[in-house]
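Here is the structure we will look at.
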Amino acid sequence: MDSIFNFAIERDEDKFTASKKDVLKFLKIIGVDTRFVSYTAEKIYINNLRFSKFSRKRQATFNKEYPDIEVVRNSLFQKICSKSSKVLADEIKPNSTILIPENNALIEIILEPYTRKYGVKLVYGGNHDLTVNPIILDSKVNSIFSDIFKGKGLTFNKKDNEIYPLINVPLDWINSFLEMDGKKIIETEDYDDLSTSFMEFLEDVAPQYRENVLKAYEYIEKELEVK
């Protein structure tokens, strides 16, 4: 198999440029499934190591052709993508146009492979079918507790045309990855103080509480929809 890859590379070696099209073409030639990697001009992020087939040997071949593009083999990023994919698989419609927030590098990196997986188009404005809501797990749980403590009970405001790539991804995962990747971390100045204190208490006694709170919230929401 490697000899086939080498033949293809040698045959087309004068045709490869630094364009996105050529970088992805090269990855396909060396056997990488580009539906499971995220492209940026400076870095290629592996979001599923097994499905991408991006082995160390293939990375060496890629780096020889593109020495200025870093390959990010970050296990935490792969965990984030795994969490996100479980949500997006149900929310994204093939060939749809998705409005993504500006200045949110993580959202864009996570969704970039879906341009190949589902043929979607990512836009910053204009006509679109779906809108990304960038809310994360901690923010959602904080909001749930805040409404309860204020006497509002549970409020449900999910919109049919919104998708939530980070709804089940915890803040510490996101900020740890962003810091490792040299990007700005997410600040939480708008969190409710009482809810934050309660979450800190729960963190000590039941570390999985955030996921359980979200599951309970989503279960109640679905039950109300059925009725």
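Convention: chains lettered A, B, ... in structure tokens order; per-chain residue numbering from 1; ligands numbered from 1 as shown.
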*Using backbone DSSP assignments, extract all strand (DSSP E or B) residues from range 10-125 of chain A; output them as a ChimeraX atom specification.*
/A:37-39,43-46,70-72,97-99,121-123
For the selection just defined, write its residues with N, CA and C atoms to a file, as an mmCIF file, in the first residue's frame.
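Heads up, here's the output in result_21.cif:
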data_model
loop_
_atom_site.group_PDB
_atom_site.id
_atom_site.type_symbol
_atom_site.label_atom_id
_atom_site.label_comp_id
_atom_site.auth_asym_id
_atom_site.auth_seq_id
_atom_site.Cartn_x
_atom_site.Cartn_y
_atom_site.Cartn_z
ATOM 1 N N VAL A 37 -10.446 14.901 10.052
ATOM 2 C CA VAL A 37 -9.418 15.874 10.413
ATOM 3 C C VAL A 37 -9.971 17.262 10.115
ATOM 4 N N SER A 38 -9.462 18.257 10.844
ATOM 5 C CA SER A 38 -9.887 19.637 10.637
ATOM 6 C C SER A 38 -8.748 20.417 9.993
ATOM 7 N N TYR A 39 -9.081 21.087 8.901
ATOM 8 C CA TYR A 39 -8.071 21.856 8.171
ATOM 9 C C TYR A 39 -8.051 23.309 8.619
ATOM 10 N N LYS A 43 -2.483 24.584 10.687
ATOM 11 C CA LYS A 43 -2.504 23.321 11.416
ATOM 12 C C LYS A 43 -3.556 22.371 10.857
ATOM 13 N N ILE A 44 -3.259 21.086 10.963
ATOM 14 C CA ILE A 44 -4.232 20.043 10.687
ATOM 15 C C ILE A 44 -4.524 19.364 12.026
ATOM 16 N N TYR A 45 -5.778 19.412 12.461
ATOM 17 C CA TYR A 45 -6.171 18.812 13.734
ATOM 18 C C TYR A 45 -6.799 17.444 13.494
ATOM 19 N N ILE A 46 -6.313 16.437 14.186
ATOM 20 C CA ILE A 46 -6.910 15.107 14.092
ATOM 21 C C ILE A 46 -8.046 15.035 15.096
ATOM 22 N N GLU A 70 1.502 22.270 10.894
ATOM 23 C CA GLU A 70 1.610 21.404 12.068
ATOM 24 C C GLU A 70 0.458 20.409 12.116
ATOM 25 N N VAL A 71 0.759 19.180 12.476
ATOM 26 C CA VAL A 71 -0.269 18.171 12.700
ATOM 27 C C VAL A 71 -0.502 18.062 14.207
ATOM 28 N N VAL A 72 -1.734 18.350 14.634
ATOM 29 C CA VAL A 72 -2.068 18.358 16.061
ATOM 30 C C VAL A 72 -2.713 17.031 16.429
ATOM 31 N N THR A 97 -26.578 25.158 5.094
ATOM 32 C CA THR A 97 -25.695 26.292 5.331
ATOM 33 C C THR A 97 -25.791 26.659 6.808
ATOM 34 N N ILE A 98 -24.625 26.716 7.473
ATOM 35 C CA ILE A 98 -24.602 26.913 8.916
ATOM 36 C C ILE A 98 -23.945 28.245 9.255
ATOM 37 N N LEU A 99 -24.653 29.058 10.016
ATOM 38 C CA LEU A 99 -24.118 30.334 10.482
ATOM 39 C C LEU A 99 -23.289 30.085 11.741
ATOM 40 N N LYS A 121 -22.059 24.047 4.381
ATOM 41 C CA LYS A 121 -21.324 25.286 4.098
ATOM 42 C C LYS A 121 -21.326 26.129 5.365
ATOM 43 N N LEU A 122 -20.158 26.605 5.788
ATOM 44 C CA LEU A 122 -20.039 27.433 6.981
ATOM 45 C C LEU A 122 -19.943 28.896 6.567
ATOM 46 N N VAL A 123 -20.799 29.744 7.176
ATOM 47 C CA VAL A 123 -20.817 31.162 6.820
ATOM 48 C C VAL A 123 -20.837 32.009 8.093
#
*Identify, on the basis of only C-alpha atoms, every residue whose closest approach to range 189-198 of chain A does not exceed 9 Å; exclude the query and any residue fewer than 6 positions from it along the same chain; express the result as a list in words.*
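Final neighbour list, sorted by chain and number: Ser139, Val141, Asn142, Ser143, Ile144, Phe145, Ser146 and Phe149 of chain A.
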*Go through A:Lys158, A:Ser52, A:Tyr209, A:Leu106 and flag the residue nearest Ser84 in chain A, using only C-alpha atoms for the distances.*
A:Leu106
*DSSP-assigned helix (DSSP H, G or I) members of range 191-220 of chain A, reported as a PyMOL selection string*: chain A and resi 193-205+209-220
Please produce an output containing C-alpha atoms for each residue in the selection, written as a compact mmCIF listing (two decimals), in the first residue's frame.
# COMPACT_ATOMS: atom_id res chain seq x y z
CA ASP A 193 -22.73 33.84 41.70
CA LEU A 194 -25.10 31.61 43.70
CA SER A 195 -25.21 29.01 40.94
CA THR A 196 -21.43 29.11 40.65
CA SER A 197 -21.01 28.49 44.39
CA PHE A 198 -23.46 25.60 44.23
CA MET A 199 -21.62 24.12 41.24
CA GLU A 200 -18.32 24.35 43.11
CA PHE A 201 -19.88 22.45 46.01
CA LEU A 202 -21.25 19.74 43.69
CA GLU A 203 -17.88 19.44 41.97
CA ASP A 204 -16.38 18.19 45.24
CA VAL A 205 -19.11 15.66 46.04
CA TYR A 209 -23.15 16.30 38.18
CA ARG A 210 -23.05 18.57 35.12
CA GLU A 211 -23.70 15.76 32.65
CA ASN A 212 -26.46 14.36 34.89
CA VAL A 213 -28.15 17.76 35.27
CA LEU A 214 -28.12 18.27 31.49
CA LYS A 215 -29.51 14.77 30.86
CA ALA A 216 -32.33 15.35 33.34
CA TYR A 217 -33.10 18.75 31.80
CA GLU A 218 -33.17 17.33 28.25
CA TYR A 219 -35.34 14.39 29.37
CA ILE A 220 -37.93 16.73 30.90
_Taking 6 positions as the minimum chain separation for residues in the same chain, which residues sit within 12 Å of range 13-26 of chain A when counting only C-alpha atoms? Answer as a PyMOL selection string._
chain A and resi 5-7+32-44+58-59+61-69+112-113+116
What would the file look like if the residues just selected were written as a PDB file, in the first residue's frame with C-alpha atoms?
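The resulting file, again.pdb, is shown below:
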ATOM      1  CA  PHE A   5       1.025   6.119  -2.080  1.00  0.00           C
ATOM      2  CA  ASN A   6       4.639   6.869  -3.046  1.00  0.00           C
ATOM      3  CA  PHE A   7       3.915   6.418  -6.738  1.00  0.00           C
ATOM      4  CA  VAL A  32      -5.870   9.914   5.385  1.00  0.00           C
ATOM      5  CA  ASP A  33      -9.665  10.145   5.645  1.00  0.00           C
ATOM      6  CA  THR A  34     -10.162  13.918   5.647  1.00  0.00           C
ATOM      7  CA  ARG A  35     -13.673  13.637   7.084  1.00  0.00           C
ATOM      8  CA  PHE A  36     -11.996  13.105  10.453  1.00  0.00           C
ATOM      9  CA  VAL A  37      -9.418  15.874  10.413  1.00  0.00           C
ATOM     10  CA  SER A  38      -9.887  19.637  10.637  1.00  0.00           C
ATOM     11  CA  TYR A  39      -8.071  21.856   8.171  1.00  0.00           C
ATOM     12  CA  THR A  40      -6.609  25.291   8.903  1.00  0.00           C
ATOM     13  CA  ALA A  41      -3.861  27.056   6.961  1.00  0.00           C
ATOM     14  CA  GLU A  42      -1.386  26.594   9.821  1.00  0.00           C
ATOM     15  CA  LYS A  43      -2.504  23.321  11.416  1.00  0.00           C
ATOM     16  CA  ILE A  44      -4.232  20.043  10.687  1.00  0.00           C
ATOM     17  CA  ARG A  58       1.568   9.152   7.158  1.00  0.00           C
ATOM     18  CA  GLN A  59       2.308  12.226   9.268  1.00  0.00           C
ATOM     19  CA  THR A  61       5.060  11.793   4.685  1.00  0.00           C
ATOM     20  CA  PHE A  62       2.758  14.790   5.076  1.00  0.00           C
ATOM     21  CA  ASN A  63       5.350  16.842   6.980  1.00  0.00           C
ATOM     22  CA  LYS A  64       7.904  16.151   4.259  1.00  0.00           C
ATOM     23  CA  GLU A  65       5.591  17.740   1.694  1.00  0.00           C
ATOM     24  CA  TYR A  66       4.185  20.414   4.025  1.00  0.00           C
ATOM     25  CA  PRO A  67       6.788  21.178   6.721  1.00  0.00           C
ATOM     26  CA  ASP A  68       5.108  24.449   7.692  1.00  0.00           C
ATOM     27  CA  ILE A  69       1.745  22.873   8.565  1.00  0.00           C
ATOM     28  CA  GLU A 112     -14.765  22.228   9.435  1.00  0.00           C
ATOM     29  CA  PRO A 113     -14.749  18.445   8.707  1.00  0.00           C
ATOM     30  CA  ARG A 116     -16.781  17.027   3.803  1.00  0.00           C
TER      31      ARG A 116
END
_Show me, as a ChimeraX atom specification, the residues that have an atom within 7 Å of Tyr118 in chain A when counting only C-alpha atoms, minus same-chain residues fewer than 4 positions from it._
/A:94-95,114
